[in-house]
$ cat final03.txt   # compact mmCIF, C-alpha atoms
# COMPACT_ATOMS: atom_id res chain seq x y z
CA MET M 1 -130.17 -80.17 -67.27
CA SER M 2 -133.17 -78.43 -68.84
CA GLU M 3 -132.61 -75.23 -70.76
CA PRO M 4 -133.35 -72.24 -68.48
CA ARG M 5 -136.43 -70.30 -69.41
CA ASP M 6 -136.05 -66.84 -70.82
CA ASP M 7 -138.68 -65.12 -68.63
CA LEU M 8 -135.99 -63.37 -66.63
CA GLY M 9 -138.20 -62.05 -63.87
CA SER M 10 -139.84 -65.19 -62.46
CA THR M 11 -138.73 -67.11 -59.39
CA GLU M 12 -138.80 -70.37 -61.34
CA SER M 13 -136.45 -68.84 -63.88
CA LEU M 14 -134.14 -67.63 -61.12
CA ILE M 15 -134.05 -71.13 -59.63
CA ASP M 16 -133.12 -72.48 -63.07
CA HIS M 17 -130.32 -69.95 -63.26
CA LEU M 18 -129.04 -70.60 -59.75
CA VAL M 19 -128.98 -74.35 -60.34
CA ASP M 20 -127.19 -73.80 -63.63
CA ASP M 21 -124.72 -71.45 -61.93
CA LEU M 22 -123.93 -73.92 -59.14
CA GLU M 23 -120.26 -74.62 -58.62
CA PRO M 24 -118.73 -76.62 -55.78
CA VAL M 25 -117.74 -74.36 -52.90
CA LYS M 26 -115.17 -74.79 -50.17
CA ARG M 27 -117.00 -74.68 -46.87
CA VAL M 28 -115.77 -71.91 -44.63
CA TRP M 29 -114.02 -72.90 -41.39
CA SER M 30 -116.19 -72.90 -38.30
CA PRO M 31 -116.04 -69.83 -36.05
CA ALA M 32 -114.29 -71.96 -33.41
CA THR M 33 -111.50 -72.92 -35.84
CA HIS M 34 -111.10 -69.30 -36.94
CA LEU M 35 -111.00 -68.23 -33.31
CA GLY M 36 -108.30 -70.78 -32.56
CA PHE M 37 -106.14 -69.46 -35.40
CA TRP M 38 -106.76 -65.91 -34.34
CA LEU M 39 -105.80 -66.58 -30.73
CA ALA M 40 -102.60 -68.20 -32.00
CA ILE M 41 -101.82 -65.03 -33.97
CA GLU M 42 -102.62 -62.90 -30.93
CA LEU M 43 -100.34 -65.04 -28.75
CA LEU M 44 -97.52 -64.74 -31.30
CA VAL M 45 -97.86 -60.97 -31.37
CA PHE M 46 -97.96 -60.82 -27.58
CA GLY M 47 -94.98 -63.16 -27.27
CA LEU M 48 -92.96 -60.99 -29.62
CA ILE M 49 -93.81 -57.81 -27.74
CA ALA M 50 -93.27 -59.42 -24.33
CA SER M 51 -89.83 -60.61 -25.36
CA LEU M 52 -88.86 -57.04 -26.29
CA ALA M 53 -90.64 -54.53 -24.10
CA LEU M 54 -92.27 -55.62 -20.83
CA ARG M 55 -92.41 -52.98 -18.09
CA MET M 56 -89.81 -53.54 -15.36
CA ASP M 57 -92.35 -53.90 -12.54
CA VAL M 58 -94.69 -56.26 -14.35
CA LEU M 59 -94.49 -59.00 -11.72
CA ASP M 60 -95.26 -56.54 -8.93
CA GLN M 61 -98.21 -55.24 -10.91
CA LEU M 62 -99.55 -58.72 -11.57
CA ALA M 63 -99.51 -59.31 -7.81
CA ASN M 64 -101.96 -56.40 -7.45
CA PRO M 65 -105.50 -57.93 -7.51
CA LEU M 66 -107.07 -54.84 -9.08
CA PHE M 67 -104.48 -54.72 -11.87
CA LEU M 68 -104.98 -58.43 -12.47
CA LEU M 69 -108.76 -58.00 -12.48
CA GLU M 70 -108.56 -55.07 -14.89
CA LEU M 71 -106.32 -57.03 -17.24
CA THR M 72 -108.39 -60.22 -17.03
CA LEU M 73 -111.64 -58.39 -17.77
CA LEU M 74 -110.02 -56.53 -20.67
CA ILE M 75 -108.72 -59.77 -22.18
CA ALA M 76 -112.06 -61.52 -21.61
CA ALA M 77 -113.93 -58.65 -23.32
CA GLY M 78 -111.48 -58.79 -26.24
CA GLY M 79 -111.74 -62.55 -26.60
CA LEU M 80 -115.53 -62.46 -26.41
CA SER M 81 -115.65 -59.68 -29.01
CA ALA M 82 -113.46 -61.76 -31.34
CA ALA M 83 -115.73 -64.79 -30.90
CA MET M 84 -118.80 -62.65 -31.60
CA ALA M 85 -117.18 -61.08 -34.67
CA LEU M 86 -116.53 -64.54 -36.12
CA LEU M 87 -119.98 -65.88 -35.19
CA SER M 88 -121.63 -62.81 -36.73
CA ALA M 89 -120.06 -63.72 -40.09
CA VAL M 90 -122.23 -66.87 -40.27
CA PRO M 91 -125.97 -66.41 -40.94
CA GLY M 92 -128.09 -67.58 -38.04
CA ARG M 93 -125.23 -67.45 -35.56
CA GLU M 94 -125.18 -63.72 -34.89
CA PRO M 95 -124.40 -62.93 -31.23
CA SER M 96 -127.35 -62.67 -28.87
CA ARG M 97 -128.11 -59.49 -26.96
CA GLY M 98 -127.00 -61.33 -23.83
CA ALA M 99 -123.53 -61.92 -25.28
CA VAL M 100 -123.22 -58.26 -26.32
CA ALA M 101 -124.39 -57.19 -22.85
CA LEU M 102 -121.80 -59.50 -21.27
CA ALA M 103 -119.01 -57.93 -23.35
CA ILE M 104 -120.17 -54.45 -22.31
CA ALA M 105 -120.32 -55.56 -18.66
CA LEU M 106 -116.75 -56.91 -18.87
CA LEU M 107 -115.58 -53.62 -20.35
CA VAL M 108 -117.31 -51.57 -17.68
CA GLY M 109 -115.89 -53.87 -15.02
CA SER M 110 -112.40 -53.41 -16.41
CA PHE M 111 -112.82 -49.64 -16.40
CA VAL M 112 -114.09 -49.64 -12.80
CA ALA M 113 -111.13 -51.81 -11.75
CA LEU M 114 -108.78 -49.37 -13.48
CA TYR M 115 -110.39 -46.42 -11.69
CA GLN M 116 -110.25 -48.15 -8.30
CA GLU M 117 -106.65 -49.15 -8.91
CA MET M 118 -105.47 -45.57 -9.29
CA PRO M 119 -105.11 -43.55 -6.10
CA GLY M 120 -106.33 -39.94 -6.18
CA ALA M 121 -102.79 -38.73 -6.89
CA ALA M 122 -102.76 -40.79 -10.08
CA ARG M 123 -105.89 -39.12 -11.42
CA THR M 124 -104.27 -35.78 -12.18
CA LEU M 125 -103.83 -34.45 -15.68
CA ALA M 126 -100.09 -34.02 -15.13
CA SER M 127 -98.94 -36.79 -17.43
CA ALA M 128 -101.92 -36.63 -19.75
CA PRO M 129 -100.27 -34.50 -22.48
CA TRP M 130 -97.53 -37.10 -23.10
CA GLY M 131 -98.49 -40.37 -24.62
CA MET M 132 -98.63 -40.21 -28.40
CA ALA M 133 -96.10 -43.05 -28.48
CA CYS M 134 -98.49 -45.19 -26.40
CA ALA M 135 -101.36 -44.48 -28.82
CA LEU M 136 -99.18 -45.41 -31.78
CA GLU M 137 -97.93 -48.56 -30.06
CA THR M 138 -101.51 -49.60 -29.24
CA MET M 139 -102.38 -49.24 -32.91
CA ALA M 140 -99.23 -51.09 -33.98
CA PHE M 141 -99.99 -53.98 -31.60
CA ALA M 142 -103.55 -54.18 -32.90
CA ILE M 143 -102.93 -54.05 -36.61
CA VAL M 144 -102.02 -57.68 -37.41
CA PRO M 145 -104.73 -59.31 -35.24
CA TRP M 146 -107.24 -56.75 -36.55
CA LEU M 147 -106.51 -57.48 -40.19
CA ALA M 148 -106.53 -61.22 -39.49
CA LEU M 149 -109.93 -61.00 -37.82
CA LEU M 150 -111.37 -58.91 -40.64
CA TRP M 151 -109.99 -61.41 -43.14
CA PHE M 152 -111.52 -64.34 -41.27
CA ALA M 153 -114.87 -62.53 -41.02
CA ARG M 154 -114.69 -61.75 -44.72
CA ARG M 155 -114.46 -65.44 -45.54
CA GLY M 156 -117.95 -65.82 -44.11
CA ALA M 157 -121.11 -64.03 -45.16
CA SER M 158 -121.99 -61.43 -42.59
CA LEU M 159 -125.57 -60.19 -42.65
CA VAL M 160 -124.53 -57.49 -40.16
CA PRO M 161 -121.27 -56.12 -41.62
CA VAL M 162 -121.07 -53.04 -39.38
CA LEU M 163 -121.44 -55.16 -36.26
CA SER M 164 -118.94 -57.76 -37.51
CA GLY M 165 -116.44 -55.06 -38.42
CA GLY M 166 -116.94 -53.20 -35.15
CA LEU M 167 -116.50 -56.33 -33.05
CA ALA M 168 -113.35 -57.28 -34.97
CA GLY M 169 -111.86 -53.84 -34.30
CA LEU M 170 -112.95 -53.88 -30.67
CA ALA M 171 -111.38 -57.30 -30.09
CA ALA M 172 -108.02 -56.45 -31.63
CA PHE M 173 -107.74 -53.03 -29.99
CA LEU M 174 -108.84 -54.25 -26.56
CA LEU M 175 -106.17 -56.93 -26.56
CA ALA M 176 -103.66 -54.34 -27.79
CA ALA M 177 -104.68 -52.08 -24.89
CA ALA M 178 -104.26 -55.03 -22.51
CA THR M 179 -100.79 -55.65 -23.95
CA MET M 180 -99.95 -51.98 -23.47
CA ARG M 181 -100.76 -52.31 -19.76
CA VAL M 182 -97.84 -54.70 -19.35
CA VAL M 183 -95.59 -52.60 -21.57
CA CYS M 184 -96.18 -48.97 -20.54
CA PRO M 185 -94.90 -48.12 -17.05
CA VAL M 186 -97.17 -45.05 -16.60
CA ASP M 187 -99.97 -45.72 -14.09
CA ASP M 188 -101.89 -42.49 -14.47
CA PHE M 189 -105.64 -42.69 -14.97
CA TRP M 190 -105.95 -39.93 -17.55
CA HIS M 191 -102.87 -41.07 -19.44
CA LEU M 192 -104.44 -44.51 -19.74
CA VAL M 193 -107.83 -43.14 -20.76
CA LEU M 194 -106.43 -40.70 -23.33
CA TRP M 195 -103.58 -42.68 -24.86
CA HIS M 196 -104.49 -46.32 -24.27
CA LEU M 197 -108.28 -46.38 -24.47
CA THR M 198 -108.95 -43.63 -27.03
CA PRO M 199 -107.21 -45.72 -29.73
CA VAL M 200 -109.66 -48.51 -28.84
CA ALA M 201 -112.58 -46.17 -29.53
CA LEU M 202 -110.96 -44.98 -32.77
CA GLY M 203 -110.27 -48.57 -33.80
CA LEU M 204 -113.87 -49.49 -33.12
CA GLY M 205 -115.22 -46.62 -35.24
CA THR M 206 -112.81 -47.24 -38.09
CA SER M 207 -113.54 -50.93 -38.05
CA CYS M 208 -117.30 -50.35 -38.24
CA ALA M 209 -116.74 -48.29 -41.42
CA ILE M 210 -114.35 -50.87 -42.87
CA GLY M 211 -116.85 -53.60 -42.03
CA LEU M 212 -119.52 -51.79 -44.01
CA LEU M 213 -117.25 -51.62 -47.05
CA LEU M 214 -115.41 -54.93 -46.79
CA LEU M 215 -117.78 -57.40 -45.20
CA ARG M 216 -120.72 -57.01 -47.53
CA ALA M 217 -118.68 -57.64 -50.68
CA TRP M 218 -119.84 -61.27 -50.71
CA ARG M 219 -123.31 -60.06 -51.71
CA GLU M 220 -121.98 -58.50 -54.91
CA ASP M 221 -121.26 -60.51 -58.00
CA MET G 1 -138.87 -64.59 -34.22
CA ASP G 2 -141.53 -66.39 -36.21
CA GLY G 3 -143.19 -69.42 -34.70
CA ASN G 4 -142.29 -71.56 -37.71
CA GLU G 5 -138.63 -70.57 -37.82
CA GLY G 6 -136.36 -73.52 -37.17
CA LYS G 7 -138.99 -76.04 -38.30
CA GLU G 8 -139.04 -77.91 -41.56
CA SER G 9 -142.15 -78.00 -43.72
CA ALA G 10 -144.53 -80.88 -43.18
CA GLY G 11 -143.60 -82.69 -46.39
CA THR G 12 -139.83 -82.60 -45.92
CA GLU G 13 -137.98 -85.33 -44.05
CA PRO G 14 -136.00 -84.09 -41.04
CA GLY G 15 -132.50 -83.20 -42.06
CA ALA G 16 -133.26 -83.42 -45.78
CA ARG G 17 -132.55 -79.76 -46.46
CA ALA G 18 -129.22 -79.87 -44.64
CA MET G 19 -128.31 -82.95 -46.66
CA TRP G 20 -129.35 -81.28 -49.94
CA MET G 21 -127.32 -78.20 -49.12
CA GLU G 22 -124.31 -80.32 -48.18
CA LYS G 23 -124.54 -82.00 -51.59
CA ALA G 24 -125.06 -78.62 -53.27
CA GLN G 25 -121.87 -77.38 -51.64
CA ALA G 26 -120.15 -80.26 -53.44
CA GLY G 27 -121.74 -79.18 -56.74
CA ASP G 28 -124.75 -81.55 -56.89
CA ARG G 29 -127.28 -79.66 -59.03
CA LEU G 30 -130.08 -82.17 -58.54
CA ALA G 31 -129.89 -81.80 -54.76
CA TYR G 32 -129.72 -78.03 -55.11
CA ARG G 33 -132.85 -77.95 -57.26
CA SER G 34 -134.65 -80.15 -54.72
CA LEU G 35 -133.66 -77.74 -51.98
CA LEU G 36 -134.66 -74.55 -53.81
CA ASP G 37 -137.94 -76.07 -55.00
CA ASP G 38 -138.64 -77.18 -51.44
CA ILE G 39 -137.94 -73.88 -49.70
CA HIS G 40 -139.23 -71.21 -52.05
CA GLY G 41 -142.92 -71.68 -51.18
CA GLU G 42 -142.13 -71.57 -47.50
CA LEU G 43 -140.03 -68.45 -48.00
CA ALA G 44 -142.91 -66.82 -49.87
CA ARG G 45 -145.24 -67.49 -46.93
CA TYR G 46 -142.66 -66.14 -44.52
CA VAL G 47 -142.14 -62.96 -46.54
CA ARG G 48 -145.88 -62.47 -47.14
CA ARG G 49 -146.42 -62.20 -43.40
CA ARG G 50 -143.82 -59.43 -43.19
CA THR G 51 -144.54 -57.14 -46.06
CA ARG G 52 -147.50 -54.91 -46.72
CA ASP G 53 -147.24 -54.97 -50.49
CA PRO G 54 -148.06 -58.44 -51.89
CA GLN G 55 -146.44 -57.46 -55.19
CA GLU G 56 -143.08 -57.26 -53.46
CA VAL G 57 -143.20 -60.81 -52.14
CA GLU G 58 -141.73 -62.41 -55.24
CA ASP G 59 -138.96 -59.79 -55.43
CA ILE G 60 -137.97 -60.40 -51.82
CA VAL G 61 -138.10 -64.18 -52.18
CA GLN G 62 -135.80 -63.91 -55.18
CA GLU G 63 -133.44 -61.71 -53.21
CA VAL G 64 -133.43 -64.32 -50.42
CA LEU G 65 -132.68 -67.12 -52.90
CA LEU G 66 -129.82 -65.13 -54.40
CA THR G 67 -128.44 -64.46 -50.92
CA ILE G 68 -128.70 -68.14 -50.00
CA HIS G 69 -126.82 -68.93 -53.21
CA ARG G 70 -124.04 -66.49 -52.38
CA ALA G 71 -123.78 -67.55 -48.73
CA ARG G 72 -123.98 -71.30 -49.28
CA HIS G 73 -120.32 -71.79 -48.33
CA THR G 74 -121.15 -70.73 -44.76
CA PHE G 75 -123.72 -73.45 -44.11
CA ASP G 76 -122.51 -76.11 -41.68
CA PRO G 77 -124.25 -79.45 -42.42
CA ALA G 78 -123.77 -80.48 -38.81
CA ARG G 79 -126.26 -77.78 -37.84
CA PRO G 80 -129.95 -77.46 -38.79
CA PHE G 81 -130.67 -75.69 -42.07
CA GLU G 82 -133.68 -73.64 -41.00
CA PRO G 83 -132.05 -71.13 -38.58
CA TRP G 84 -129.47 -70.39 -41.27
CA MET G 85 -132.15 -69.92 -43.95
CA TYR G 86 -134.45 -67.83 -41.78
CA ALA G 87 -131.61 -65.57 -40.65
CA ILE G 88 -131.02 -64.77 -44.31
CA ALA G 89 -134.74 -64.38 -45.01
CA ARG G 90 -135.28 -62.08 -42.03
CA ASN G 91 -132.27 -59.91 -42.82
CA THR G 92 -133.11 -59.68 -46.52
CA THR G 93 -136.73 -58.72 -45.80
CA ILE G 94 -135.65 -55.99 -43.39
CA ASP G 95 -133.02 -54.72 -45.85
CA TYR G 96 -135.57 -54.62 -48.64
CA GLY G 97 -137.94 -52.58 -46.48
CA ARG G 98 -135.15 -50.12 -45.64
CA ARG G 99 -134.17 -49.72 -49.27
CA ARG G 100 -137.79 -49.17 -50.21
CA ALA G 101 -138.14 -46.50 -47.54
CA THR G 102 -134.98 -44.74 -48.76
CA ARG G 103 -136.21 -44.92 -52.33
CA GLY G 104 -139.53 -43.42 -51.24
CA GLN G 105 -137.76 -40.47 -49.61
CA ARG G 106 -135.66 -39.92 -52.73
CA GLU G 107 -138.80 -39.84 -54.82
CA ILE G 108 -140.34 -37.20 -52.57
CA LEU G 109 -137.19 -35.08 -52.90
CA THR G 110 -137.19 -35.54 -56.68
CA GLU G 111 -140.77 -34.35 -56.89
CA GLN G 112 -139.73 -31.10 -55.22
CA LEU G 113 -137.06 -30.33 -57.83
CA PRO G 114 -137.76 -27.80 -60.60
CA GLU G 115 -138.40 -29.14 -64.08
CA VAL G 116 -134.77 -29.06 -65.17
CA ALA G 117 -134.84 -32.38 -66.93
CA ALA G 118 -138.03 -31.94 -68.89
CA ASP G 119 -136.25 -31.92 -72.25
CA ALA G 120 -134.49 -35.16 -71.40
CA ALA G 121 -137.71 -37.04 -70.86
CA SER G 122 -137.42 -39.26 -73.86
CA THR G 123 -138.92 -42.73 -73.61
CA ASP G 124 -135.46 -44.24 -73.09
CA ALA G 125 -134.49 -41.92 -70.26
CA PRO G 126 -135.81 -44.10 -67.38
CA LEU G 127 -134.11 -47.18 -68.80
CA THR G 128 -130.83 -45.30 -69.32
CA ALA G 129 -130.98 -43.94 -65.79
CA ALA G 130 -131.80 -47.36 -64.35
CA LEU G 131 -128.94 -48.96 -66.26
CA ALA G 132 -126.56 -46.27 -65.08
CA ARG G 133 -127.29 -47.20 -61.47
CA LEU G 134 -126.43 -50.89 -61.97
CA PRO G 135 -123.08 -52.40 -60.98
CA PRO G 136 -120.90 -52.67 -64.13
CA ASN G 137 -121.07 -56.46 -64.43
CA GLN G 138 -124.88 -56.49 -64.17
CA ARG G 139 -125.19 -53.63 -66.66
CA GLU G 140 -122.93 -55.48 -69.07
CA ALA G 141 -124.96 -58.70 -68.72
CA PHE G 142 -128.27 -56.92 -69.22
CA SER G 143 -127.01 -54.92 -72.20
CA MET G 144 -125.54 -57.93 -73.96
CA LEU G 145 -128.65 -60.10 -73.54
CA LYS G 146 -131.48 -57.61 -73.82
CA LEU G 147 -130.12 -54.70 -75.84
CA GLU G 148 -127.54 -56.33 -78.10
CA GLY G 149 -129.49 -59.59 -78.36
CA LEU G 150 -126.48 -61.87 -77.85
CA SER G 151 -127.00 -65.49 -76.86
CA VAL G 152 -126.24 -66.39 -73.25
CA GLU G 153 -123.23 -68.43 -74.36
CA ALA G 154 -121.79 -65.62 -76.49
CA ALA G 155 -122.37 -63.04 -73.77
CA ALA G 156 -120.81 -65.30 -71.15
CA GLU G 157 -117.77 -65.86 -73.34
CA ARG G 158 -117.38 -62.12 -73.88
CA ALA G 159 -117.70 -61.42 -70.13
CA GLY G 160 -115.35 -64.27 -69.25
CA VAL G 161 -117.82 -66.03 -66.93
CA THR G 162 -119.94 -69.19 -67.03
CA PRO G 163 -123.35 -68.99 -68.71
CA GLY G 164 -124.99 -69.59 -65.32
CA THR G 165 -123.19 -66.65 -63.75
CA LEU G 166 -124.16 -64.44 -66.64
CA ARG G 167 -127.81 -65.44 -66.31
CA VAL G 168 -127.78 -64.64 -62.59
CA ARG G 169 -126.20 -61.25 -63.25
CA ALA G 170 -128.78 -60.52 -65.94
CA HIS G 171 -131.56 -61.64 -63.63
CA ARG G 172 -130.41 -59.29 -60.87
CA ALA G 173 -130.05 -56.48 -63.40
CA TYR G 174 -133.50 -57.12 -64.80
CA ARG G 175 -135.08 -56.98 -61.36
CA ALA G 176 -133.20 -53.81 -60.43
CA VAL G 177 -134.20 -52.11 -63.70
CA LYS G 178 -137.80 -53.20 -63.25
CA ALA G 179 -137.88 -51.87 -59.69
CA SER G 180 -136.23 -48.61 -60.71
CA ILE G 181 -138.57 -47.94 -63.64
CA GLY G 182 -141.56 -48.98 -61.52
CA SER G 183 -140.67 -46.52 -58.77
CA GLU G 184 -140.19 -43.72 -61.28
CA ALA G 185 -143.59 -44.45 -62.78
CA GLU G 186 -145.13 -44.32 -59.29
CA GLY G 187 -143.39 -40.99 -58.73
CA ASP G 188 -144.85 -39.58 -61.94
CA ARG G 189 -148.40 -40.31 -60.79
$ encode --input "final03.txt" --output "structure tokens"
Amino acid sequence: MSEPRDDLGSTESLIDHLVDDLEPVKRVWSPATHLGFWLAIELLVFGLIASLALRMDVLDQLANPLFLLELTLLIAAGGLSAAMALLSAVPGREPSRGAVALAIALLVGSFVALYQEMPGAARTLASAPWGMACALETMAFAIVPWLALLWFARRGASLVPVLSGGLAGLAAFLLAAATMRVVCPVDDFWHLVLWHLTPVALGLGTSCAIGLLLLRAWRED
Amino acid sequence: MDGNEGKESAGTEPGARAMWMEKAQAGDRLAYRSLLDDIHGELARYVRRRTRDPQEVEDIVQEVLLTIHRARHTFDPARPFEPWMYAIARNTTIDYGRRRATRGQREILTEQLPEVAADAASTDAPLTAALARLPPNQREAFSMLKLEGLSVEAAAERAGVTPGTLRVRAHRAYRAVKASIGSEAEGDR
């Protein structure tokens, strides 16, 4: 190996230094492998919760096409967000606008299904003030999958850390909100919006900020 | 997206860059040098088309090379190299432009301040200020090599890193200091 030149500012000198600095690296898992592990974690968390706290009428609810549609779209949006979060941590594989638009469409579809599902009587504000426990449970259900997803994204090299962080938060909190739908027996539109979906928005915002701090650390020496 | 993105340069065999990077991931320095020598001209052309100031081209290319170095663990040899490289080049060029714009705004604000620091305008003040803005490990590397005059090996030993790592840190520090002092000089005009 030739001795690196001392003219610190030139590109040739930088190449000398980079070559000299080269160490073997362990290639990061593919986004698909990470996603597989993450879904396994998500299933474990769901299995644990389902074994302890499913709502009594869950089978009746699952027989309701609108409830099923709402849940399916919510889970699909969460899964797609997780896939996009992991893809966005690999340069050149950032999600396309089409994929982001699809996730938004799934979310809107889920919200419309939720709205249609609730009769007028269930859109009062009567039960809206009570639900802090639901918000806390949503956060508790999200925390492990959220941290896992952030950790997996951090193993990559995200060029868009806010987007990666935001998508990780969105994925974990959407699936937590979906889990809450089969746990919480309250079918009141405003209760669901305030105490089940607001934590999703908070999780998204927090995760964007964490992404900015955590997911660009790979650029620093 | 640029028309040339995703294509290899005329003189490079298809798949050669992916193969070089795969070997580089395993620690093959010869392959890594071949790769960096092969891509840096192409990166310079890419950046030149996207920046107004030709003097910035080399800075941006160096930033791209450093980013490629840091992100090399994410390259999948089963996929083509060019989309990966150009994603980094595009993002780094945009980031550089944003940072430059922010720096420009800061300079305008600084010009509006009263002359409170006039007595501190010694010849070393810009260097001291530029060093103060560096991350600690870069500041340490720069100080040991350029101010204390230590050898790379001695400085690396003191910092507890390999000589190569220390050189890269010093390189980044040098470029940051140069940019910082340059922008202050522009602001003084």
$ atom_distance --input "final03.txt" --atom1 "CA of Arg50 in chain G" --atom2 "CA of Gly97 in chain G"
9.6 Å
$ closest_residue --input "final03.txt" --among "M:Glu42, M:Glu12, M:Asp188, M:Glu23" --to "Ala82 in chain M" --atoms "all atoms listed in the file"
M:Glu42
$ interface_residues --input "final03.txt" --of "chain M" --to "chain G" --cutoff "12 Å" --atoms "all atoms listed in the file" --output "MDAnalysis selection string"
chainID M and resid 1:31 86:94 153:161 216:221
$ residues_around --input "final03.txt" --residues "Cys134 in chain M" --least-positions-apart "6" --cutoff "8 Å" --atoms "only C-alpha atoms" --output "PyMOL selection string"
chain M and resi 180+184+195-196
$ residues_around --input "final03.txt" --residues "range 62-79 of chain M" --least-positions-apart "5" --cutoff "12 Å" --atoms "only C-alpha atoms" --output "ChimeraX atom specification"
/M:32,35-36,38-39,42-43,55-57,84-86,99-119,142,145-146,149,166-182,187,197,200,204
$ atom_distance --input "final03.txt" --atom1 "CA of Leu202 in chain M" --atom2 "CA of Val45 in chain M"
20.7 Å
$ closest_residue --input "final03.txt" --among "M:Ala126, M:Met132, M:Val144, M:Leu215" --to "Phe189 in chain M" --atoms "all atoms listed in the file"
M:Ala126
$ atom_distance --input "final03.txt" --atom1 "CA of Gly165 in chain M" --atom2 "CA of Met139 in chain M"
16.2 Å
$ closest_residue --input "final03.txt" --among "G:Val57, G:Ala155, G:Val161, G:Leu43" --to "Ala141 in chain G" --atoms "only C-alpha atoms"
G:Ala155
$ closest_residue --input "final03.txt" --among "G:Leu150, G:Ala16, G:Tyr96, G:Pro80" --to "Asp53 in chain G" --atoms "only C-alpha atoms"
G:Tyr96
$ closest_residue --input "final03.txt" --among "G:Arg48, G:Gly15, G:Val177, G:Gly41" --to "Pro126 in chain G" --atoms "all atoms listed in the file"
G:Val177
$ decode --input "final03.txt" --residues "range 129-156 of chain M" --atoms "C-alpha atoms" --output "PDB file, in the first residue's frame"
ATOM      1  CA  PRO M 129     -63.809  12.056  27.730  1.00  0.00           C
ATOM      2  CA  TRP M 130     -62.928   8.544  28.950  1.00  0.00           C
ATOM      3  CA  GLY M 131     -60.159   6.710  27.253  1.00  0.00           C
ATOM      4  CA  MET M 132     -56.766   7.608  28.670  1.00  0.00           C
ATOM      5  CA  ALA M 133     -56.239   3.913  29.414  1.00  0.00           C
ATOM      6  CA  CYS M 134     -56.807   3.132  25.714  1.00  0.00           C
ATOM      7  CA  ALA M 135     -54.224   5.746  24.682  1.00  0.00           C
ATOM      8  CA  LEU M 136     -51.701   4.321  27.135  1.00  0.00           C
ATOM      9  CA  GLU M 137     -52.404   0.767  26.006  1.00  0.00           C
ATOM     10  CA  THR M 138     -51.953   1.766  22.355  1.00  0.00           C
ATOM     11  CA  MET M 139     -48.567   3.220  23.242  1.00  0.00           C
ATOM     12  CA  ALA M 140     -47.648   0.166  25.312  1.00  0.00           C
ATOM     13  CA  PHE M 141     -48.586  -2.187  22.452  1.00  0.00           C
ATOM     14  CA  ALA M 142     -46.531  -0.130  20.016  1.00  0.00           C
ATOM     15  CA  ILE M 143     -43.358   0.314  22.007  1.00  0.00           C
ATOM     16  CA  VAL M 144     -41.530  -2.988  21.361  1.00  0.00           C
ATOM     17  CA  PRO M 145     -42.285  -3.196  17.606  1.00  0.00           C
ATOM     18  CA  TRP M 146     -41.460   0.519  17.290  1.00  0.00           C
ATOM     19  CA  LEU M 147     -38.066   0.192  18.936  1.00  0.00           C
ATOM     20  CA  ALA M 148     -37.344  -2.949  16.924  1.00  0.00           C
ATOM     21  CA  LEU M 149     -38.159  -1.187  13.669  1.00  0.00           C
ATOM     22  CA  LEU M 150     -36.042   1.831  14.572  1.00  0.00           C
ATOM     23  CA  TRP M 151     -33.192  -0.507  15.483  1.00  0.00           C
ATOM     24  CA  PHE M 152     -33.475  -2.368  12.178  1.00  0.00           C
ATOM     25  CA  ALA M 153     -33.598   0.918  10.250  1.00  0.00           C
ATOM     26  CA  ARG M 154     -30.569   2.136  12.180  1.00  0.00           C
ATOM     27  CA  ARG M 155     -28.543  -0.832  10.972  1.00  0.00           C
ATOM     28  CA  GLY M 156     -28.912   0.545   7.456  1.00  0.00           C
TER      29      GLY M 156
END
